[in-house]
There are 2 protein chains.
Amino acid sequence: MGPAALNAIASPRRREILRLVWNQEQTAGAIHRAMPDVTFGAVSLQLRTLVEAGLVEARTAQRNRFYRARREALGPVAEILERMWDDALWKLKLAAELEETRRGPKPRRRKKKPGL
Amino acid sequence: MGPAALNAIASPRRREILRLVWNQEQTAGAIHRAMPDVTFGAVSLQLRTLVEAGLVEARTAQRNRFYRARREALGPVAEILERMWDDALWKLKLAAELEETRRGPKPRRRKKKPGL
DNA sequence: GATGTAATTTAGTTTAAACTAAATTATATG
DNA sequence: CATATAATTTAGTTTAAACTAAATTACATC
């Protein structure tokens with residue numbers, strides 16, 4: 001548990017990802033599909049932060065990249081997170097939070113590719 | 001350990017404060033004097049964050065306000081922090097970090113008070 | 001080697017945290 | 001009540017994190 005790990009679990013988004021890969025590995029694509037309010041790129045960057053903090057590890061297979069939590073790296077904090085996720089009150093709080101912030105990525109006009 | 005607590009301990013600055021009030025209470029002034037690279041106002045705001053996260057509590061006496069860590073609120077994380085602070089390697093790392101970032105608040109021209 | 005799929009990386013933007021200076025609140029003391 | 005001390009709060013700025021769109025890499029399949 002270095003400071004990078006403390007920083008990593010401070011972000012709700014990264015905790016969301018951590019939760020998805022907690023009990024079984026998931027591909028980057030599956031993780032992204034589970035959180036449709038952000039782009040694939042954003043998910044990939046957060047995965048990188050988690051890997052660099054040592055909280056998640058990756059395995060490459062063909063065209064996929066499988067991620068899974070390194071629960072042992074969290075030590076006693078693993079239990080804290082599990083309690084947070086299990087707690088019913090918590091679930092309500094999270095639902096309210098998500099309701100507020102999750103309205104999907106704002107649609108932007110796609111830049112026209114300049115023909116050569 | 002709510003998410004506010006996880007967020008609170010993610011900040012190096014707040015961990016620095018937490019460390020100062022870990023074993024005995026300190027006045028806001030003493031805390032500020034121990035970190036001369038930021039203003040008193042900045043310290044006060046971080047103290048507020050820590051109190052709101054439930055990690056620190058305050059007691060008022062005369063003109064002073066004494067702060068101390070609520071170690072019990074951190075549960076198993078208390079040990080993690082203590083280990084971080086005790087570890088010699090850690091001390092070196094922190095010293096290097098501080099060397100980089102701590103050069104005191106940038107001096108700014110004081111705005112002249114308009115005479116009425 | 002063109003096409004398609006999975007994911008990462010880059011460069012730039014937006015959002016939120018941390019900070020500053022100054023104003024303000026509260027309490028004590030002459 | 002004026003002055004001084006201790007701390008907080010406010011309003012605005014700076015810095016850093018999170019995000020986006022588009023480009024790029026990597027590996028299959030035709």
# chains A, B, ... in the order shown; residues from 1 in each chain; ligands from 1
$ interface_residues --of "chain B" --to "chain D" --cutoff "8 Å" --atoms "only C-alpha atoms (C1' of nucleotides)" --output "list in words"
Ala28, Gly29, Gly41, Ser44, Arg63, Asn64 and Arg65 of chain B
$ write_last_selection --atoms "C-alpha atoms" --output "compact mmCIF listing (two decimals), in the first residue's frame"
# COMPACT_ATOMS: atom_id res chain seq x y z
CA ALA B 28 -4.32 25.21 13.88
CA GLY B 29 -1.47 27.70 14.26
CA GLY B 41 -6.05 29.65 5.06
CA SER B 44 -7.65 25.64 7.66
CA ARG B 63 -8.52 31.78 21.24
CA ASN B 64 -7.13 28.44 20.11
CA ARG B 65 -8.57 25.53 18.27
$ closest_atom_pairs --of "chain B" --to "chain C" --cutoff "8 Å" --atoms "only C-alpha atoms (C1' of nucleotides)" --output "tab-separated table"
residue	atom	partner	partner_atom	distance
B:Val38	CA	C:DC19	C1'	7.9
B:Thr39	CA	C:DT20	C1'	7.5
B:Ala42	CA	C:DC19	C1'	6.3
B:Gln62	CA	C:DT27	C1'	6.6
B:Arg63	CA	C:DT27	C1'	5.6
B:Arg110	CA	C:DA21	C1'	7.7
$ select_by_dssp --residues "range 3-100 of chain B" --states "helix (DSSP H, G or I)" --output "ChimeraX atom specification"
/B:3-8,12-20,28-34,40-52,71-74,77-86,88-100
$ closest_atom_pairs --of "chain B" --to "chain A" --cutoff "12 Å" --atoms "only C-alpha atoms" --output "Markdown table"
| residue | atom | partner | partner_atom | distance |
| --- | --- | --- | --- | --- |
| B:Met1 | CA | A:Ile80 | CA | 7.2 |
| B:Gly2 | CA | A:Met84 | CA | 7.6 |
| B:Pro3 | CA | A:Ala10 | CA | 7.2 |
| B:Ala4 | CA | A:Ala10 | CA | 8.3 |
| B:Ala5 | CA | A:Ala10 | CA | 8.5 |
| B:Leu6 | CA | A:Ala10 | CA | 5.2 |
| B:Asn7 | CA | A:Ala10 | CA | 4.6 |
| B:Ala8 | CA | A:Ala10 | CA | 8.0 |
| B:Ile9 | CA | A:Leu6 | CA | 7.0 |
| B:Ala10 | CA | A:Asn7 | CA | 4.6 |
| B:Ser11 | CA | A:Asn7 | CA | 7.3 |
| B:Pro12 | CA | A:Pro3 | CA | 8.0 |
| B:Arg13 | CA | A:Pro3 | CA | 11.7 |
| B:Arg15 | CA | A:Pro3 | CA | 9.9 |
| B:Leu74 | CA | A:Ile80 | CA | 10.2 |
| B:Gly75 | CA | A:Ile80 | CA | 9.1 |
| B:Pro76 | CA | A:Pro76 | CA | 6.0 |
| B:Val77 | CA | A:Val77 | CA | 6.9 |
| B:Ala78 | CA | A:Pro76 | CA | 10.4 |
| B:Glu79 | CA | A:Pro76 | CA | 9.5 |
| B:Ile80 | CA | A:Met1 | CA | 7.2 |
| B:Leu81 | CA | A:Met1 | CA | 9.1 |
| B:Glu82 | CA | A:Met1 | CA | 11.6 |
| B:Arg83 | CA | A:Met1 | CA | 9.6 |
| B:Met84 | CA | A:Gly2 | CA | 7.6 |
| B:Trp85 | CA | A:Gly2 | CA | 10.9 |
| B:Asp87 | CA | A:Gly2 | CA | 11.0 |
| B:Leu89 | CA | A:Gly2 | CA | 11.2 |
| B:Trp90 | CA | A:Gly2 | CA | 8.9 |
| B:Lys93 | CA | A:Pro3 | CA | 10.6 |
| B:Leu94 | CA | A:Pro3 | CA | 10.3 |
| B:Glu97 | CA | A:Pro3 | CA | 11.9 |
